[in-house]
file my_file.cif (mmCIF, C-alpha atoms)
data_my_file
#
loop_
_atom_site.label_atom_id
_atom_site.label_comp_id
_atom_site.auth_asym_id
_atom_site.auth_seq_id
_atom_site.Cartn_x
_atom_site.Cartn_y
_atom_site.Cartn_z
CA MET I 397 -9.06 -8.57 16.47
CA GLY I 398 -11.91 -6.60 18.10
CA LYS I 399 -11.48 -2.84 17.62
CA VAL I 400 -9.19 -1.85 14.77
CA LEU I 401 -7.96 1.57 13.70
CA VAL I 402 -7.52 1.84 9.94
CA THR I 403 -5.72 5.00 8.91
CA GLY I 404 -6.28 6.07 5.33
CA ALA I 405 -9.77 4.59 5.48
CA ALA I 406 -11.01 6.78 2.61
CA GLY I 407 -8.08 5.62 0.52
CA PHE I 408 -7.90 2.87 -2.05
CA ILE I 409 -6.60 -0.01 0.06
CA GLY I 410 -7.95 1.33 3.35
CA SER I 411 -11.57 1.40 2.22
CA HIS I 412 -11.37 -2.16 0.90
CA LEU I 413 -9.75 -3.34 4.13
CA ALA I 414 -12.30 -1.59 6.35
CA LEU I 415 -15.14 -3.34 4.49
CA ARG I 416 -13.54 -6.75 5.00
CA LEU I 417 -12.97 -6.07 8.70
CA LEU I 418 -16.61 -5.02 9.14
CA ASP I 419 -17.81 -8.07 7.23
CA ARG I 420 -16.04 -10.36 9.67
CA GLY I 421 -17.41 -8.54 12.72
CA ASP I 422 -14.63 -6.22 13.83
CA HIS I 423 -15.35 -2.69 15.01
CA VAL I 424 -13.50 -0.27 12.74
CA VAL I 425 -12.48 3.29 13.43
CA GLY I 426 -11.52 4.78 10.08
CA LEU I 427 -9.24 7.80 10.07
CA ASP I 428 -8.53 10.01 7.05
CA ASN I 429 -7.76 13.67 6.46
CA LEU I 430 -9.52 13.74 3.06
CA ASN I 431 -6.73 15.82 1.58
CA GLY I 432 -6.75 17.12 -1.97
CA TYR I 433 -3.87 15.10 -3.40
CA TYR I 434 -6.49 13.60 -5.70
CA ASP I 435 -10.27 13.79 -6.17
CA VAL I 436 -11.89 14.16 -2.74
CA ASN I 437 -15.25 13.13 -4.21
CA LEU I 438 -13.80 9.68 -4.92
CA LYS I 439 -12.63 9.46 -1.31
CA ARG I 440 -16.08 10.44 -0.08
CA ALA I 441 -17.68 7.84 -2.34
CA ARG I 442 -15.46 5.17 -0.83
CA LEU I 443 -16.44 6.35 2.65
CA ALA I 444 -20.11 6.21 1.72
CA ARG I 445 -19.77 2.43 1.37
CA LEU I 446 -18.63 2.30 5.00
CA GLU I 447 -20.72 4.91 6.76
CA GLY I 448 -23.92 3.56 8.19
CA ARG I 449 -22.43 0.11 8.61
CA ALA I 450 -22.73 -1.28 12.14
CA GLY I 451 -19.40 -1.03 13.90
CA PHE I 452 -17.91 1.76 11.76
CA THR I 453 -16.86 5.18 13.03
CA PHE I 454 -15.15 7.82 10.92
CA VAL I 455 -12.66 10.37 12.25
CA GLN I 456 -11.32 13.15 10.03
CA MET I 457 -7.83 14.00 11.24
CA ASP I 458 -4.25 14.49 10.10
CA LEU I 459 -1.73 11.94 11.33
CA GLU I 460 0.59 14.82 12.21
CA ASP I 461 -1.97 16.23 14.70
CA ARG I 462 -0.06 15.11 17.80
CA GLU I 463 -2.68 16.01 20.42
CA GLY I 464 -5.56 14.73 18.33
CA MET I 465 -3.88 11.39 17.69
CA ALA I 466 -2.92 10.97 21.36
CA GLY I 467 -6.50 11.67 22.40
CA LEU I 468 -7.92 9.22 19.84
CA PHE I 469 -5.70 6.38 21.05
CA ALA I 470 -6.45 7.15 24.70
CA ARG I 471 -10.23 7.14 24.11
CA GLU I 472 -10.56 4.12 21.84
CA ARG I 473 -7.99 1.64 23.23
CA PHE I 474 -7.52 -0.20 19.94
CA ASP I 475 -6.73 -3.89 19.81
CA GLY I 476 -5.04 -3.52 16.44
CA VAL I 477 -3.92 -0.74 14.12
CA VAL I 478 -3.38 -0.84 10.36
CA ASN I 479 -1.54 2.26 9.20
CA LEU I 480 -2.22 2.85 5.50
CA ALA I 481 -2.35 6.66 5.59
CA ALA I 482 0.62 8.27 3.87
CA GLN I 483 1.54 10.81 1.28
CA ALA I 484 1.78 8.50 -1.71
CA GLY I 485 3.46 8.75 -5.09
CA VAL I 486 7.07 8.53 -6.20
CA ARG I 487 7.00 11.35 -8.75
CA TYR I 488 5.07 13.76 -6.50
CA SER I 489 7.82 13.42 -3.88
CA LEU I 490 10.13 15.30 -6.26
CA LYS I 491 7.67 18.22 -6.33
CA ASN I 492 6.48 18.44 -2.71
CA PRO I 493 8.97 16.69 -0.43
CA LEU I 494 7.81 18.32 2.81
CA SER I 495 4.36 16.71 2.58
CA TYR I 496 6.13 13.32 2.84
CA VAL I 497 7.99 14.44 5.95
CA ASP I 498 4.77 15.62 7.60
CA SER I 499 2.64 12.55 6.90
CA ASN I 500 5.07 9.68 6.50
CA LEU I 501 7.57 10.59 9.21
CA VAL I 502 5.93 12.90 11.76
CA GLY I 503 2.56 11.21 11.32
CA PHE I 504 4.02 7.74 11.67
CA VAL I 505 5.75 8.67 14.94
CA ASN I 506 2.38 9.78 16.27
CA VAL I 507 0.94 6.37 15.33
CA LEU I 508 3.82 4.59 17.06
CA GLU I 509 3.44 6.74 20.16
CA GLY I 510 -0.30 6.11 20.26
CA CYS I 511 0.25 2.36 20.02
CA ARG I 512 2.94 2.46 22.69
CA HIS I 513 0.98 4.43 25.27
CA SER I 514 -2.35 2.66 24.78
CA GLY I 515 -1.12 -0.93 24.72
CA VAL I 516 -2.08 -1.80 21.13
CA GLY I 517 -1.72 -5.53 20.53
CA HIS I 518 -0.41 -5.34 16.94
CA LEU I 519 0.53 -2.55 14.54
CA VAL I 520 0.57 -3.42 10.84
CA PHE I 521 1.91 -0.70 8.57
CA ALA I 522 2.23 -0.18 4.84
CA SER I 523 5.72 -0.07 3.43
CA SER I 524 6.41 -0.25 -0.29
CA SER I 525 8.29 -2.13 -2.99
CA SER I 526 9.99 1.19 -3.70
CA VAL I 527 12.34 0.56 -0.74
CA TYR I 528 14.27 -1.87 -2.96
CA GLY I 529 15.48 1.14 -4.93
CA ALA I 530 18.72 0.43 -6.77
CA ASN I 531 18.61 -3.31 -6.01
CA GLU I 532 18.78 -5.39 -9.18
CA THR I 533 18.68 -8.95 -7.82
CA MET I 534 15.28 -10.39 -8.70
CA PRO I 535 12.90 -11.33 -7.23
CA PHE I 536 13.12 -8.77 -4.43
CA SER I 537 13.40 -10.50 -1.07
CA VAL I 538 12.81 -9.20 2.45
CA HIS I 539 16.14 -10.85 3.28
CA GLN I 540 17.99 -8.31 1.09
CA ASN I 541 19.57 -5.05 2.19
CA VAL I 542 17.52 -2.00 1.13
CA ASP I 543 19.77 0.96 1.81
CA HIS I 544 19.68 2.61 -1.62
CA PRO I 545 16.27 4.24 -2.17
CA LEU I 546 15.78 6.26 -5.35
CA SER I 547 13.07 8.68 -4.15
CA LEU I 548 12.16 10.51 -0.97
CA TYR I 549 8.93 8.51 -0.86
CA ALA I 550 10.96 5.29 -0.78
CA ALA I 551 13.26 6.75 1.87
CA THR I 552 10.29 7.58 4.13
CA LYS I 553 9.00 4.02 3.81
CA LYS I 554 12.41 2.62 4.70
CA ALA I 555 12.45 5.04 7.64
CA ASN I 556 9.06 3.70 8.76
CA GLU I 557 10.51 0.19 8.90
CA LEU I 558 13.42 1.38 11.05
CA MET I 559 11.21 3.47 13.33
CA ALA I 560 8.83 0.55 13.83
CA HIS I 561 11.68 -1.78 14.71
CA THR I 562 12.90 0.68 17.33
CA TYR I 563 9.50 0.67 19.05
CA ALA I 564 9.34 -3.11 18.84
CA HIS I 565 12.76 -3.30 20.50
CA LEU I 566 12.32 -0.59 23.16
CA TYR I 567 8.67 -1.11 24.08
CA ARG I 568 7.98 -4.65 22.85
CA LEU I 569 5.27 -3.31 20.57
CA PRO I 570 4.41 -6.06 18.04
CA VAL I 571 4.79 -4.56 14.56
CA THR I 572 4.62 -5.94 11.03
CA GLY I 573 5.58 -4.04 7.89
CA LEU I 574 4.12 -4.94 4.49
CA ARG I 575 5.88 -4.02 1.29
CA PHE I 576 3.09 -3.59 -1.25
CA PHE I 577 3.81 -4.12 -4.95
CA THR I 578 1.90 -1.88 -7.43
CA VAL I 579 -1.65 -2.30 -6.18
CA TYR I 580 -4.52 -1.88 -8.65
CA GLY I 581 -8.23 -2.60 -8.87
CA PRO I 582 -11.72 -1.05 -8.42
CA TRP I 583 -11.85 2.21 -6.46
CA GLY I 584 -8.16 2.76 -7.27
CA ARG I 585 -6.12 5.94 -7.18
CA PRO I 586 -6.49 8.39 -10.10
CA ASP I 587 -2.73 9.07 -10.12
CA MET I 588 -1.89 5.42 -10.84
CA ALA I 589 -1.16 4.12 -14.34
CA LEU I 590 -4.28 1.97 -14.79
CA PHE I 591 -6.61 4.84 -13.89
CA LEU I 592 -4.71 7.34 -16.07
CA PHE I 593 -4.55 4.95 -19.01
CA THR I 594 -8.24 4.03 -18.81
CA ARG I 595 -9.41 7.63 -18.67
CA ALA I 596 -7.16 8.72 -21.54
CA ILE I 597 -8.10 5.82 -23.84
CA LEU I 598 -11.82 6.33 -23.26
CA GLU I 599 -11.42 10.06 -23.97
CA GLY I 600 -9.41 9.41 -27.12
CA ARG I 601 -6.20 10.90 -25.75
CA PRO I 602 -2.72 9.33 -25.99
CA ILE I 603 -1.18 7.71 -22.92
CA ASP I 604 2.33 8.42 -21.61
CA VAL I 605 4.37 5.21 -21.61
CA PHE I 606 7.60 5.62 -19.65
CA ASN I 607 10.89 3.83 -20.32
CA HIS I 608 9.53 3.22 -23.82
CA GLY I 609 7.27 0.49 -22.45
CA LYS I 610 10.12 -1.59 -21.05
CA MET I 611 9.05 -1.28 -17.41
CA ARG I 612 8.10 -4.48 -15.58
CA ARG I 613 5.88 -4.38 -12.52
CA ASP I 614 4.57 -6.98 -10.09
CA PHE I 615 0.98 -5.72 -10.37
CA THR I 616 -1.06 -6.93 -7.37
CA TYR I 617 -4.86 -6.93 -7.24
CA VAL I 618 -6.35 -5.09 -4.28
CA ASP I 619 -8.37 -8.06 -2.95
CA ASP I 620 -5.15 -10.07 -2.71
CA ILE I 621 -3.50 -7.23 -0.81
CA VAL I 622 -6.39 -7.04 1.65
CA GLU I 623 -6.41 -10.79 2.22
CA GLY I 624 -2.71 -10.64 3.00
CA VAL I 625 -3.18 -7.73 5.40
CA LEU I 626 -5.94 -9.55 7.27
CA ARG I 627 -3.92 -12.73 7.67
CA VAL I 628 -0.89 -10.80 8.86
CA LEU I 629 -2.96 -8.69 11.26
CA ASP I 630 -4.23 -11.85 12.94
CA ARG I 631 -0.70 -13.26 13.29
CA VAL I 632 0.96 -11.21 16.03
CA PRO I 633 4.75 -11.38 15.60
CA THR I 634 7.03 -12.71 18.30
CA PRO I 635 10.81 -12.45 18.66
CA ASP I 636 12.74 -14.69 16.25
CA PRO I 637 14.65 -17.19 18.43
CA GLU I 638 17.18 -17.71 15.64
CA TRP I 639 17.95 -14.04 15.08
CA SER I 640 21.57 -13.07 15.73
CA GLY I 641 23.24 -9.69 15.91
CA LYS I 642 26.34 -11.26 14.39
CA HIS I 643 24.43 -12.02 11.21
CA PRO I 644 21.41 -9.70 11.46
CA GLU I 645 18.39 -10.77 9.42
CA PRO I 646 16.64 -7.66 7.96
CA CYS I 647 13.08 -9.00 8.07
CA SER I 648 12.92 -10.33 11.65
CA SER I 649 14.45 -9.49 15.00
CA SER I 650 15.01 -10.36 18.61
CA ALA I 651 12.05 -7.97 19.01
CA PRO I 652 8.44 -8.76 17.95
CA TYR I 653 8.98 -7.49 14.42
CA ARG I 654 8.42 -8.84 10.89
CA LEU I 655 8.55 -7.63 7.30
CA TYR I 656 6.77 -9.24 4.35
CA ASN I 657 6.39 -8.63 0.64
CA ILE I 658 2.86 -8.74 -0.76
CA GLY I 659 3.07 -9.04 -4.52
CA ASN I 660 1.70 -11.22 -7.27
CA ASN I 661 5.11 -12.86 -7.79
CA GLN I 662 4.53 -12.53 -11.56
CA PRO I 663 6.09 -9.39 -13.06
CA VAL I 664 4.34 -8.13 -16.18
CA GLU I 665 5.80 -5.96 -18.91
CA LEU I 666 4.06 -2.60 -19.17
CA MET I 667 3.13 -3.22 -22.80
CA LYS I 668 1.36 -6.46 -21.86
CA TYR I 669 -0.48 -4.57 -19.11
CA ILE I 670 -1.61 -2.02 -21.68
CA ASN I 671 -2.65 -4.80 -24.06
CA ALA I 672 -4.81 -6.36 -21.33
CA LEU I 673 -6.44 -2.96 -20.76
CA GLU I 674 -7.08 -2.50 -24.50
CA GLU I 675 -8.76 -5.89 -24.57
CA ALA I 676 -10.95 -5.09 -21.54
CA LEU I 677 -11.96 -1.73 -23.03
CA GLY I 678 -12.37 -2.97 -26.58
CA MET I 679 -10.30 0.02 -27.71
CA ASN I 680 -6.73 0.63 -28.83
CA ALA I 681 -4.37 3.02 -27.07
CA ARG I 682 -2.36 5.78 -28.72
CA MET I 683 1.01 6.00 -26.98
CA ASN I 684 3.59 8.66 -26.24
CA MET I 685 6.83 6.72 -25.70
CA LEU I 686 8.89 8.55 -23.08
CA PRO I 687 12.17 7.93 -21.23
CA MET I 688 12.49 6.69 -17.66
CA GLN I 689 11.35 9.22 -15.05
CA PRO I 690 13.48 10.32 -12.06
CA GLY I 691 12.79 8.16 -9.01
CA ASP I 692 11.35 5.24 -11.01
CA VAL I 693 12.86 1.77 -11.10
CA PRO I 694 12.83 -0.38 -14.26
CA ALA I 695 11.36 -3.51 -12.65
CA THR I 696 9.77 -4.94 -9.50
CA TRP I 697 9.21 -8.58 -8.60
CA ALA I 698 8.17 -9.85 -5.18
CA ASN I 699 9.52 -12.95 -3.48
CA VAL I 700 6.59 -13.95 -1.26
CA ASP I 701 8.03 -17.15 0.24
CA ASP I 702 7.94 -15.76 3.79
CA LEU I 703 4.31 -14.69 3.44
CA ILE I 704 3.33 -18.14 2.18
CA ARG I 705 5.25 -19.87 4.95
CA ASP I 706 3.91 -17.78 7.82
CA VAL I 707 0.29 -17.04 6.85
CA GLY I 708 -0.40 -19.55 4.10
CA PHE I 709 -1.35 -17.03 1.44
CA ARG I 710 -0.10 -16.25 -2.07
CA PRO I 711 -1.66 -13.50 -4.23
CA ALA I 712 -2.99 -15.11 -7.41
CA THR I 713 -5.39 -12.82 -9.32
CA THR I 714 -4.26 -12.53 -12.94
CA VAL I 715 -3.70 -9.14 -14.52
CA GLN I 716 -6.34 -9.91 -17.17
CA GLU I 717 -8.98 -10.65 -14.53
CA GLY I 718 -8.02 -7.74 -12.30
CA ILE I 719 -8.08 -5.22 -15.14
CA ARG I 720 -11.43 -6.57 -16.34
CA ARG I 721 -12.89 -5.93 -12.87
CA PHE I 722 -11.39 -2.45 -12.75
CA VAL I 723 -12.81 -1.50 -16.14
CA ALA I 724 -16.26 -2.75 -15.12
CA TRP I 725 -16.10 -0.63 -11.96
CA TYR I 726 -14.81 2.42 -13.85
CA ARG I 727 -17.60 2.27 -16.42
CA GLU I 728 -20.23 1.97 -13.70
CA TYR I 729 -18.79 4.65 -11.40
CA TYR I 730 -18.28 7.24 -14.13
CA GLY I 731 -21.29 6.22 -16.21
CA VAL I 732 -19.24 5.31 -19.29
CA VAL I 733 -21.33 3.07 -21.54
CA SER I 734 -19.11 2.78 -24.62
#
call {"tool": "encode", "arguments": {"input": "my_file.cif", "output": "structure tokens"}}
result
Amino acid sequence: MGKVLVTGAAGFIGSHLALRLLDRGDHVVGLDNLNGYYDVNLKRARLARLEGRAGFTFVQMDLEDREGMAGLFARERFDGVVNLAAQAGVRYSLKNPLSYVDSNLVGFVNVLEGCRHSGVGHLVFASSSSVYGANETMPFSVHQNVDHPLSLYAATKKANELMAHTYAHLYRLPVTGLRFFTVYGPWGRPDMALFLFTRAILEGRPIDVFNHGKMRRDFTYVDDIVEGVLRVLDRVPTPDPEWSGKHPEPCSSSAPYRLYNIGNNQPVELMKYINALEEALGMNARMNMLPMQPGDVPATWANVDDLIRDVGFRPATTVQEGIRRFVAWYREYYGVVS
């Protein structure tokens, strides 16, 4: 791809992706605002794995900085952009909705404008499985309607898909949206279940288990996510010759636009996820069984047929293996020996 902008480069997925891009010889400009939504020291530790690598440049900036973003795009002339920066978290969106407007809406427009005015060859952006909202038909397919989000976070991700399509239509900007399904793995986010559960179990505290453990999630290992992103980035979308406005297909267009799910295609019950963690830790969890939380959905399950067809990739890391790798990283990073 040449020169790639990765926004959210100090984040969980962004740092893994930047490493893979550097390993294959791309020049990477990593952008992050290093905000305090969670431990900034963890973000800096992720960055430390990138800084000093040939071909890597770090820029600390907010996506909503309109002039700063315009100047960055004008200077660098990126070949490709992967937008992973966002205010994340379903439950946090109930507490601080305006932060989602600033980053996920205003910030994303600035990314689109930068791509438009600097002739970027392909924009890949992170959407989310949360856009499926009230949908109950499983597995979730990119061919389904997704007009019933259950959180503001989900609504901003759906908005990103619509905004991106508009730029693909008006300016012929090639864009691809990726709906990620519950990503986990080493260097993960401290607000996610696996991180919270691991810390609590090791400290002898009970874990909060929502929906009385009856949740099902399509947990997807971070290396599988990154492999999918790379393959999609290298496949610049073109208009779908079979697309028709009389029967509009949600995941393609007469514009250079595509949507894909990236999930493990194997939903796992939350209790089985916890059991796999107990096995990896060699410790049992004490559990607080709690009801469903506002904004949550009871189950996710990704149909990845389109991803397999177009880029020849299917995520395949088992939950047992992925959790084992996370626990090994956690023990090393935090110095936990028992």
call {"tool": "resolve_selection", "arguments": {"input": "my_file.cif", "expression": "the PyMOL selection byres ((chain I and resi 466-472) around 10)", "output": "ChimeraX atom specification"}}
result
/I:399-401,425,427,455,457,461-465,473-475,506-507,509-516
call {"tool": "resolve_selection", "arguments": {"input": "my_file.cif", "expression": "the PyMOL selection byres ((chain I and resi 682) around 12)", "output": "compact mmCIF listing (two decimals) with C-alpha atoms, in the frame of the given file"}}
result
# COMPACT_ATOMS: atom_id res chain seq x y z
CA PHE I 593 -4.55 4.95 -19.01
CA THR I 594 -8.24 4.03 -18.81
CA ALA I 596 -7.16 8.72 -21.54
CA ILE I 597 -8.10 5.82 -23.84
CA LEU I 598 -11.82 6.33 -23.26
CA GLU I 599 -11.42 10.06 -23.97
CA GLY I 600 -9.41 9.41 -27.12
CA ARG I 601 -6.20 10.90 -25.75
CA PRO I 602 -2.72 9.33 -25.99
CA ILE I 603 -1.18 7.71 -22.92
CA ASP I 604 2.33 8.42 -21.61
CA VAL I 605 4.37 5.21 -21.61
CA ILE I 670 -1.61 -2.02 -21.68
CA ASN I 671 -2.65 -4.80 -24.06
CA GLU I 674 -7.08 -2.50 -24.50
CA MET I 679 -10.30 0.02 -27.71
CA ASN I 680 -6.73 0.63 -28.83
CA ALA I 681 -4.37 3.02 -27.07
CA MET I 683 1.01 6.00 -26.98
CA ASN I 684 3.59 8.66 -26.24
CA MET I 685 6.83 6.72 -25.70
call {"tool": "resolve_selection", "arguments": {"input": "my_file.cif", "expression": "the PyMOL selection byres ((chain I and resi 540) around 9)", "output": "JSON, numbers by chain"}}
result
{"I": [528, 531, 533, 536, 537, 538, 539, 541, 542, 645, 646, 647]}
call {"tool": "closest_residue", "arguments": {"input": "my_file.cif", "among": "I:Tyr563, I:Phe577, I:Trp725, I:Tyr434", "to": "Phe504 in chain I", "atoms": "all atoms listed in the file"}}
result
I:Tyr563
call {"tool": "residues_around", "arguments": {"input": "my_file.cif", "residues": "range 578-584 of chain I", "least_positions_apart": "4", "cutoff": "6 Å", "atoms": "only C-alpha atoms", "output": "ChimeraX atom specification"}}
result
/I:408,615-618,722,725
call {"tool": "residues_near_point", "arguments": {"input": "my_file.cif", "point": "(-7.0, 2.6, 9.2)", "cutoff": "8 Å", "atoms": "only C-alpha atoms", "output": "MDAnalysis selection string"}}
result
chainID I and resid 400:405 410 414 424:428 477:481
call {"tool": "write_last_selection", "arguments": {"input": "my_file.cif", "atoms": "C-alpha atoms", "output": "compact mmCIF listing (two decimals), in the frame of the given file"}}
result
# COMPACT_ATOMS: atom_id res chain seq x y z
CA VAL I 400 -9.19 -1.85 14.77
CA LEU I 401 -7.96 1.57 13.70
CA VAL I 402 -7.52 1.84 9.94
CA THR I 403 -5.72 5.00 8.91
CA GLY I 404 -6.28 6.07 5.33
CA ALA I 405 -9.77 4.59 5.48
CA GLY I 410 -7.95 1.33 3.35
CA ALA I 414 -12.30 -1.59 6.35
CA VAL I 424 -13.50 -0.27 12.74
CA VAL I 425 -12.48 3.29 13.43
CA GLY I 426 -11.52 4.78 10.08
CA LEU I 427 -9.24 7.80 10.07
CA ASP I 428 -8.53 10.01 7.05
CA VAL I 477 -3.92 -0.74 14.12
CA VAL I 478 -3.38 -0.84 10.36
CA ASN I 479 -1.54 2.26 9.20
CA LEU I 480 -2.22 2.85 5.50
CA ALA I 481 -2.35 6.66 5.59
call {"tool": "atom_distance", "arguments": {"input": "my_file.cif", "atom1": "CA of Thr552 in chain I", "atom2": "CA of Asn500 in chain I"}}
result
6.1 Å
call {"tool": "atom_distance", "arguments": {"input": "my_file.cif", "atom1": "CA of Arg595 in chain I", "atom2": "CA of Val664 in chain I"}}
result
21.1 Å
call {"tool": "residues_around", "arguments": {"input": "my_file.cif", "residues": "Pro694 in chain I", "least_positions_apart": "3", "cutoff": "9 Å", "atoms": "all atoms listed in the file", "output": "JSON, numbers by chain"}}
result
{"I": [607, 610, 611, 612, 613, 688]}
call {"tool": "closest_residue", "arguments": {"input": "my_file.cif", "among": "I:Trp697, I:Tyr730, I:Tyr488, I:Tyr549", "to": "Asn657 in chain I", "atoms": "only C-alpha atoms"}}
result
I:Trp697
call {"tool": "decode", "arguments": {"input": "my_file.cif", "residues": "range 642-669 of chain I", "atoms": "C-alpha atoms", "output": "compact mmCIF listing (two decimals), in the first residue's frame"}}
result
# COMPACT_ATOMS: atom_id res chain seq x y z
CA LYS I 642 -34.83 -0.99 -7.08
CA HIS I 643 -33.54 -3.67 -4.73
CA PRO I 644 -30.70 -1.90 -2.90
CA GLU I 645 -28.08 -4.20 -1.41
CA PRO I 646 -26.87 -2.77 1.97
CA CYS I 647 -23.27 -3.99 1.77
CA SER I 648 -22.31 -2.85 -1.75
CA SER I 649 -23.21 -0.03 -4.10
CA SER I 650 -22.98 1.55 -7.50
CA ALA I 651 -20.18 3.47 -5.75
CA PRO I 652 -16.80 1.96 -4.71
CA TYR I 653 -18.12 0.82 -1.34
CA ARG I 654 -18.17 -2.45 0.63
CA LEU I 655 -19.09 -3.70 4.10
CA TYR I 656 -17.81 -6.90 5.71
CA ASN I 657 -18.22 -8.72 9.00
CA ILE I 658 -15.03 -9.91 10.70
CA GLY I 659 -15.96 -12.44 13.34
CA ASN I 660 -15.02 -15.94 14.37
CA ASN I 661 -18.34 -17.32 13.09
CA GLN I 662 -18.53 -19.42 16.28
CA PRO I 663 -20.57 -17.76 19.05
CA VAL I 664 -19.57 -18.81 22.56
CA GLU I 665 -21.69 -18.68 25.69
CA LEU I 666 -20.27 -16.32 28.29
CA MET I 667 -20.03 -19.10 30.87
CA LYS I 668 -17.89 -21.19 28.51
CA TYR I 669 -15.68 -18.14 27.93
